[in-house]
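Trainee: Quick one: the structure is below, questions incoming.
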Amino acid sequence: MNPPKTDARRHHDPEVRGFASDNYAGAHPEVLAALALANGGHQVAYGEDAYTGNLQQVIRSHFGPTAEAFPVFNGTGANVVALQAVTDRWGAVICAESAHINVDECGAPERVGGLKLLTVPAPDGKLTPELIDRQAYGWDDEHRAMPQVVSIAQATELGTVYTPDEIRAICEHAHAHGMKVHLDGSRLANAAATLNVPMRTLTNAAGVDILSLGGTKNGALFGEAVVVLNQDAVSHMKHLRKLSMQLASKMRFVSVQLEALLARDLWLRNAGHANEMAQRLAEGVRAVHGVEILYPVQANAVFARLPHDVSERLQKRFRFYFWDEAAGDVRWMCAFDTTEDDVDAFLAALKEEMAR
């Protein structure tokens with residue numbers, strides 16, 4: 001059968017890659033093949049399809065027999081739905097100042113979710129029980145939003161990674177105060193690949209109650225999932241997902257992508273490769289005089305400080321973002337499709353610009 005004709009044209013050079021974001025990458029070929037497999041014919045809408053049903057079994061193979069996945073469109077949607085599910089209207093969420101929910105979601109948890117974020121300075125992006133205690137008080141004070149949830153990110157917004165013991169200590173501390181724990185796992189695969197542990201070791205086995213599971217940054221075209229790990233911690237998930245405009249009518253096309261990533265080891269291959277490219281990049285950067293790596297490189301991100309004018313010239317050759325423009329801090333991200341040649345070409349350009 002001949003492929004259908006189309007008037008669509010390619011408007012970009014597929015050989016061009018940058019280091020701005022793992023969201024810049026396309027979809028993995030195995031994910032695209034899965035989408036084609038799910039296409040054709042009719043399937044029941046709004047999650048009652050065969051692909052979403054099978055996804056539940058795949059999710060349980062990673063996160064235990066009581067886990068339940070609720071596919072959504074994007075990461076912000078996943079976080080807003082998940083946090084609403086574990087808070088009351090007067091509830092508050094303790095998180096790091098650098099957390100994605102605080103600095104990169106346009107106030108959605110507060111404006112859409114109706115939550116109060118109680119932030120804590122965390123120089124490496126990671127919370128600890130001691131840092132949590134800076135905001136964990138005042139449960140009986142009607143003048144203060146009630147701390148009900150601790151939200152951590154794995155990997156963090158600064159590219160650092162919690163160990164299983166660190167997550168377990170946070171969960172035990174939060175639960176002892178009657179709080180629940182949410183994990184923003186948009187790059188959970190990268191953290192698990194770094195630590196060489198199953199994802200369950202960093203989530204349900206450590207005591208996490210609810211998870212925002214990423215797909216887009218790890219090879220999906222679009223789509224994430226809220227994964228309920230502790231069924232006693234949540235209520236009315238289906239209603240919250242719909243209310244938050246995250247209910248996909250053709251949900252099979254979200255679910256089949258997550259299935260393609262998770263059913264075998266594609267999630268791990270993609271994340272492991274991105275991490276390896278970040279390590280290659282960091283190793284090369286350390287050899288460049290005048291460039292400072294700011295945080296441990298533990299996932300697929302490299303944060304660096306270099307002269308502002310060098311970054312501006314380098315940005316004309318490779319896309320990347322300033323993290324703190326006043327300080328000269330930048331972020332370089334690697335993706336599942338970053339190649340050794342991409343890294344080496346960037347390092348050569350960096351050396352040339354630093355030498356000017």
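Convention: chains lettered A, B, ... in structure tokens order; per-chain residue numbering from 1; ligands numbered from 1 as shown.
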Step one, run DSSP on the backbone; step two, keep only residues of segment 21-255 of chain A assigned to strand (DSSP E or B); then write them as a PyMOL selection string.
Mentor: chain A and resi 68-72+91-96+116-120+146-153+180-185+210-213+224-228
Trainee: Name the residues in contact with segment 71-73 of chain A at a cut-off of 10 Å, using only C-alpha atoms, excluding same-chain residues fewer than 2 positions from it; report them as a PyMOL selection string.
Mentor: chain A and resi 47+52+55+68-69+75-78+81+212-213+215-216+222-227+241-242+244-248+251-255+258
Trainee: From the list A:His177, A:Arg269, A:Arg356, A:His308, which residue is nearest Phe336 of chain A when using only C-alpha atoms?
Mentor: A:Arg269
Trainee: Between atom CA of Pro307 of chain A and atom CA of Ala355 of chain A, what distance in Å does the model show, to one decimal?
Mentor: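 It comes out at 11.5 Å.
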Trainee: Fewer than 6 positions away in the same chain doesn't count, so skip those; otherwise give me all residues within 8 Å of Arg200 of chain A, counting only C-alpha atoms, as number ranges by chain.
Mentor: A: 62-64, 206
Trainee: Next, dump the selected residues to file, keeping only all heavy atoms, as an mmCIF file, in the first residue's frame.
Mentor:
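Output contents, as saved in out_5.cif:
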```cif
data_model
loop_
_atom_site.group_PDB
_atom_site.id
_atom_site.type_symbol
_atom_site.label_atom_id
_atom_site.label_comp_id
_atom_site.auth_asym_id
_atom_site.auth_seq_id
_atom_site.Cartn_x
_atom_site.Cartn_y
_atom_site.Cartn_z
ATOM 1 N N HIS A 62 6.126 -1.185 36.845
ATOM 2 C CA HIS A 62 7.178 -0.280 37.302
ATOM 3 C C HIS A 62 6.937 0.239 38.713
ATOM 4 O O HIS A 62 7.908 0.461 39.452
ATOM 5 C CB HIS A 62 7.284 0.931 36.360
ATOM 6 C CG HIS A 62 7.919 0.637 35.039
ATOM 7 N ND1 HIS A 62 9.281 0.509 34.869
ATOM 8 C CD2 HIS A 62 7.376 0.427 33.811
ATOM 9 C CE1 HIS A 62 9.559 0.247 33.607
ATOM 10 N NE2 HIS A 62 8.418 0.194 32.940
ATOM 11 N N PHE A 63 5.660 0.441 39.085
ATOM 12 C CA PHE A 63 5.366 1.170 40.316
ATOM 13 C C PHE A 63 4.485 0.393 41.294
ATOM 14 O O PHE A 63 3.953 0.992 42.228
ATOM 15 C CB PHE A 63 4.711 2.512 39.975
ATOM 16 C CG PHE A 63 5.559 3.399 39.107
ATOM 17 C CD1 PHE A 63 5.255 3.568 37.766
ATOM 18 C CD2 PHE A 63 6.672 4.047 39.620
ATOM 19 C CE1 PHE A 63 6.031 4.377 36.953
ATOM 20 C CE2 PHE A 63 7.457 4.861 38.817
ATOM 21 C CZ PHE A 63 7.143 5.025 37.478
ATOM 22 N N GLY A 64 4.341 -0.890 41.097
ATOM 23 C CA GLY A 64 3.625 -1.694 42.074
ATOM 24 C C GLY A 64 2.172 -1.935 41.724
ATOM 25 O O GLY A 64 1.583 -1.232 40.898
ATOM 26 N N ALA A 206 10.036 4.203 48.163
ATOM 27 C CA ALA A 206 10.581 5.191 49.096
ATOM 28 C C ALA A 206 9.497 5.917 49.870
ATOM 29 O O ALA A 206 9.804 6.684 50.787
ATOM 30 C CB ALA A 206 11.438 6.207 48.339
#
```
Trainee: With segment 288-297 of chain A as the partner and 10 Å as the cut-off, tabulate the residues of segment 152-187 of chain A that qualify, each row holding the nearest pair of atoms and their distance in Å to one decimal, using only C-alpha atoms, sorted by chain and rising number, as JSON lines.
Mentor:
```
{"residue": "A:Leu158", "atom": "CA", "partner": "A:Tyr295", "partner_atom": "CA", "distance": 7.2}
{"residue": "A:Gly159", "atom": "CA", "partner": "A:Val297", "partner_atom": "CA", "distance": 6.5}
{"residue": "A:Thr160", "atom": "CA", "partner": "A:Pro296", "partner_atom": "CA", "distance": 6.4}
{"residue": "A:Val161", "atom": "CA", "partner": "A:Pro296", "partner_atom": "CA", "distance": 9.0}
```
Trainee: For the atom pair atom CA of Pro129 of chain A and atom CA of Ala191 of chain A, what is the interatomic distance in Å to one decimal place?
Mentor: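 Spanning atom CA of Pro129 of chain A to atom CA of Ala191 of chain A is a straight-line distance of 20.4 Å.
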Trainee: Near segment 109-112 of chain A, counting only C-alpha atoms, which residues have an atom at most 8 Å away, once you skip same-chain residues fewer than 5 positions from it, shown as an mmCIF file with all heavy atoms, in the first residue's frame?
Mentor:
```
data_model
loop_
_atom_site.group_PDB
_atom_site.id
_atom_site.type_symbol
_atom_site.label_atom_id
_atom_site.label_comp_id
_atom_site.auth_asym_id
_atom_site.auth_seq_id
_atom_site.Cartn_x
_atom_site.Cartn_y
_atom_site.Cartn_z
ATOM 1 N N ASN A 79 1.475 18.238 37.079
ATOM 2 C CA ASN A 79 1.768 18.761 38.417
ATOM 3 C C ASN A 79 0.544 19.402 39.057
ATOM 4 O O ASN A 79 0.271 19.203 40.244
ATOM 5 C CB ASN A 79 2.909 19.779 38.341
ATOM 6 C CG ASN A 79 4.259 19.135 38.111
ATOM 7 O OD1 ASN A 79 4.466 17.974 38.453
ATOM 8 N ND2 ASN A 79 5.184 19.883 37.542
ATOM 9 N N VAL A 80 -0.200 20.188 38.290
ATOM 10 C CA VAL A 80 -1.377 20.861 38.843
ATOM 11 C C VAL A 80 -2.426 19.841 39.274
ATOM 12 O O VAL A 80 -3.000 19.939 40.366
ATOM 13 C CB VAL A 80 -1.958 21.862 37.829
ATOM 14 C CG1 VAL A 80 -3.318 22.381 38.289
ATOM 15 C CG2 VAL A 80 -1.003 23.030 37.626
ATOM 16 N N LEU A 83 -1.093 17.837 42.430
ATOM 17 C CA LEU A 83 -1.073 18.611 43.675
ATOM 18 C C LEU A 83 -2.476 18.911 44.177
ATOM 19 O O LEU A 83 -2.723 18.910 45.394
ATOM 20 C CB LEU A 83 -0.279 19.903 43.474
ATOM 21 C CG LEU A 83 1.228 19.717 43.260
ATOM 22 C CD1 LEU A 83 1.891 21.037 42.887
ATOM 23 C CD2 LEU A 83 1.888 19.117 44.494
ATOM 24 N N ILE A 101 7.654 23.939 39.586
ATOM 25 C CA ILE A 101 6.303 24.391 39.909
ATOM 26 C C ILE A 101 6.300 25.833 40.404
ATOM 27 O O ILE A 101 5.290 26.530 40.316
ATOM 28 C CB ILE A 101 5.611 23.479 40.952
ATOM 29 C CG1 ILE A 101 6.414 23.422 42.258
ATOM 30 C CG2 ILE A 101 5.378 22.090 40.372
ATOM 31 C CD1 ILE A 101 5.700 22.666 43.376
ATOM 32 N N LEU A 117 2.238 28.000 47.420
ATOM 33 C CA LEU A 117 3.560 27.386 47.428
ATOM 34 C C LEU A 117 4.399 28.027 48.529
ATOM 35 O O LEU A 117 4.551 29.251 48.573
ATOM 36 C CB LEU A 117 4.254 27.562 46.074
ATOM 37 C CG LEU A 117 3.552 26.928 44.872
ATOM 38 C CD1 LEU A 117 4.376 27.127 43.609
ATOM 39 C CD2 LEU A 117 3.278 25.447 45.093
ATOM 40 N N SER A 244 -9.250 20.357 35.136
ATOM 41 C CA SER A 244 -7.987 21.028 34.820
ATOM 42 C C SER A 244 -7.669 21.003 33.332
ATOM 43 O O SER A 244 -6.552 21.335 32.935
ATOM 44 C CB SER A 244 -6.844 20.374 35.600
ATOM 45 O OG SER A 244 -7.071 20.449 36.989
#
```
Trainee: Measuring atom to atom with only C-alpha atoms, identify which of A:Asn102, A:Ile167, A:Gln148, A:Ala304 is nearest to Leu127 of chain A.
Mentor: A:Ile167
Trainee: Rank A:Ser249, A:Ala25, A:Asp141, A:Leu202 by their smallest atom-to-atom distance to Glu48 of chain A, using only C-alpha atoms, and report the top residue only.
Mentor: A:Ser249
Trainee: What's around Val103 of chain A at 10 Å? Count only C-alpha atoms, leave out sequence neighbours fewer than 6 positions away in its own chain, and write the answer as JSON, numbers by chain.
Mentor: {"A": [96, 97, 157]}
Trainee: Go through A:Arg286, A:Lys250, A:Arg331, A:His273 one by one, measure the shortest atom-to-atom distance of each to His42 of chain A using only C-alpha atoms, and give the residue with the smallest value.
Mentor: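 Using only C-alpha atoms, the shortest distance to His42 of chain A belongs to A:Lys250.
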Trainee: Residues at most 9 Å from Pro164 of chain A, counting only C-alpha atoms, excluding those fewer than 4 positions away in the same chain, as a list of chain:residue names?
Mentor: A:Arg168, A:Ala169, A:Leu195, A:Thr201, A:Leu202, A:Thr203, A:Ala205, A:Ala206
Trainee: Can you write out the residues you just picked, keeping N, CA, C and O atoms, as a PDB file, in the first residue's frame?
Mentor:
```
ATOM      1  N   ARG A 168      13.536   8.679  50.810  1.00  0.00           N
ATOM      2  CA  ARG A 168      12.869   7.964  51.899  1.00  0.00           C
ATOM      3  C   ARG A 168      12.840   8.814  53.167  1.00  0.00           C
ATOM      4  O   ARG A 168      11.811   8.871  53.876  1.00  0.00           O
ATOM      5  N   ALA A 169      13.938   9.506  53.457  1.00  0.00           N
ATOM      6  CA  ALA A 169      13.983  10.359  54.656  1.00  0.00           C
ATOM      7  C   ALA A 169      12.972  11.498  54.548  1.00  0.00           C
ATOM      8  O   ALA A 169      12.313  11.852  55.535  1.00  0.00           O
ATOM      9  N   LEU A 195      21.375   6.508  38.678  1.00  0.00           N
ATOM     10  CA  LEU A 195      21.552   5.715  39.892  1.00  0.00           C
ATOM     11  C   LEU A 195      21.534   4.209  39.624  1.00  0.00           C
ATOM     12  O   LEU A 195      21.824   3.417  40.528  1.00  0.00           O
ATOM     13  N   THR A 201      12.197   2.291  42.952  1.00  0.00           N
ATOM     14  CA  THR A 201      13.079   2.531  44.090  1.00  0.00           C
ATOM     15  C   THR A 201      13.057   3.991  44.512  1.00  0.00           C
ATOM     16  O   THR A 201      13.266   4.312  45.686  1.00  0.00           O
ATOM     17  N   LEU A 202      12.769   4.872  43.571  1.00  0.00           N
ATOM     18  CA  LEU A 202      12.765   6.310  43.837  1.00  0.00           C
ATOM     19  C   LEU A 202      11.372   6.857  44.092  1.00  0.00           C
ATOM     20  O   LEU A 202      11.216   8.065  44.311  1.00  0.00           O
ATOM     21  N   THR A 203      10.373   6.000  44.062  1.00  0.00           N
ATOM     22  CA  THR A 203       8.990   6.481  44.167  1.00  0.00           C
ATOM     23  C   THR A 203       8.207   5.689  45.209  1.00  0.00           C
ATOM     24  O   THR A 203       8.327   5.970  46.403  1.00  0.00           O
ATOM     25  N   ALA A 205       8.521   2.710  46.469  1.00  0.00           N
ATOM     26  CA  ALA A 205       9.312   1.990  47.468  1.00  0.00           C
ATOM     27  C   ALA A 205       9.901   2.934  48.513  1.00  0.00           C
ATOM     28  O   ALA A 205      10.231   2.501  49.627  1.00  0.00           O
ATOM     29  N   ALA A 206      10.036   4.203  48.163  1.00  0.00           N
ATOM     30  CA  ALA A 206      10.581   5.191  49.096  1.00  0.00           C
ATOM     31  C   ALA A 206       9.497   5.917  49.870  1.00  0.00           C
ATOM     32  O   ALA A 206       9.804   6.684  50.787  1.00  0.00           O
TER      33      ALA A 206
END
```
Trainee: If you run DSSP over the backbone, which residues in segment 272-310 of chain A end up alpha helix (DSSP H)? Put them as number ranges by chain.
Mentor: A: 272-286, 308-310
Trainee: At a cut-off of 10 Å, using only C-alpha atoms, what residues contact segment 310-324 of chain A? Leave out same-chain residues fewer than 3 positions from it and give the result as a VMD selection string.
Mentor: chain A and resid 16 to 21 24 158 303 to 307 327 to 333 342 345 to 346 349 to 356
Trainee: Restrict the selected residues to C-alpha atoms and save them as a PDB file, in the first residue's frame.
Mentor:
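Contents of result_19.pdb, freshly written:
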```
ATOM      1  CA  VAL A  16      20.542  20.864  13.333  1.00  0.00           C
ATOM      2  CA  ARG A  17      20.630  20.247  17.063  1.00  0.00           C
ATOM      3  CA  GLY A  18      21.163  22.508  20.020  1.00  0.00           C
ATOM      4  CA  PHE A  19      21.569  22.351  23.766  1.00  0.00           C
ATOM      5  CA  ALA A  20      18.647  24.540  24.851  1.00  0.00           C
ATOM      6  CA  SER A  21      16.200  21.877  26.029  1.00  0.00           C
ATOM      7  CA  TYR A  24      13.621  20.567  21.371  1.00  0.00           C
ATOM      8  CA  LEU A 158      19.393  22.142  38.748  1.00  0.00           C
ATOM      9  CA  PHE A 303      25.042  24.315  34.250  1.00  0.00           C
ATOM     10  CA  ALA A 304      28.030  26.561  33.638  1.00  0.00           C
ATOM     11  CA  ARG A 305      29.325  30.093  34.166  1.00  0.00           C
ATOM     12  CA  LEU A 306      31.341  31.861  31.485  1.00  0.00           C
ATOM     13  CA  PRO A 307      31.791  35.372  30.128  1.00  0.00           C
ATOM     14  CA  ALA A 327      25.680  36.172  36.682  1.00  0.00           C
ATOM     15  CA  GLY A 328      26.572  34.713  33.299  1.00  0.00           C
ATOM     16  CA  ASP A 329      25.087  31.309  34.150  1.00  0.00           C
ATOM     17  CA  VAL A 330      23.845  29.099  31.333  1.00  0.00           C
ATOM     18  CA  ARG A 331      22.172  25.706  31.013  1.00  0.00           C
ATOM     19  CA  TRP A 332      23.117  23.125  28.400  1.00  0.00           C
ATOM     20  CA  MET A 333      20.725  20.195  27.951  1.00  0.00           C
ATOM     21  CA  ASP A 342      26.993  17.214  18.408  1.00  0.00           C
ATOM     22  CA  ALA A 345      31.173  20.316  17.684  1.00  0.00           C
ATOM     23  CA  PHE A 346      29.775  22.378  20.542  1.00  0.00           C
ATOM     24  CA  ALA A 349      32.881  26.147  19.181  1.00  0.00           C
ATOM     25  CA  LEU A 350      33.109  26.904  22.906  1.00  0.00           C
ATOM     26  CA  LYS A 351      36.907  26.720  22.798  1.00  0.00           C
ATOM     27  CA  GLU A 352      37.027  28.981  19.757  1.00  0.00           C
ATOM     28  CA  GLU A 353      34.807  31.612  21.351  1.00  0.00           C
ATOM     29  CA  MET A 354      36.685  31.499  24.649  1.00  0.00           C
ATOM     30  CA  ALA A 355      39.945  32.036  22.768  1.00  0.00           C
ATOM     31  CA  ARG A 356      38.703  35.169  21.003  1.00  0.00           C
TER      32      ARG A 356
END
```
Trainee: Just checking: using only C-alpha atoms, which residue out of A:Ala122, A:Val302, A:Ala335, A:Val256 ends up closest to Ser98 of chain A?
Mentor: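 The shortest atom-to-atom distance to Ser98 of chain A comes from A:Ala122.
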Trainee: Tell me, in Å to one decimal, how far atom CA of Gly219 of chain A is from atom CA of Tyr162 of chain A.
Mentor: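 Atom CA of Tyr162 of chain A lies at a distance of 22.8 Å from atom CA of Gly219 of chain A.
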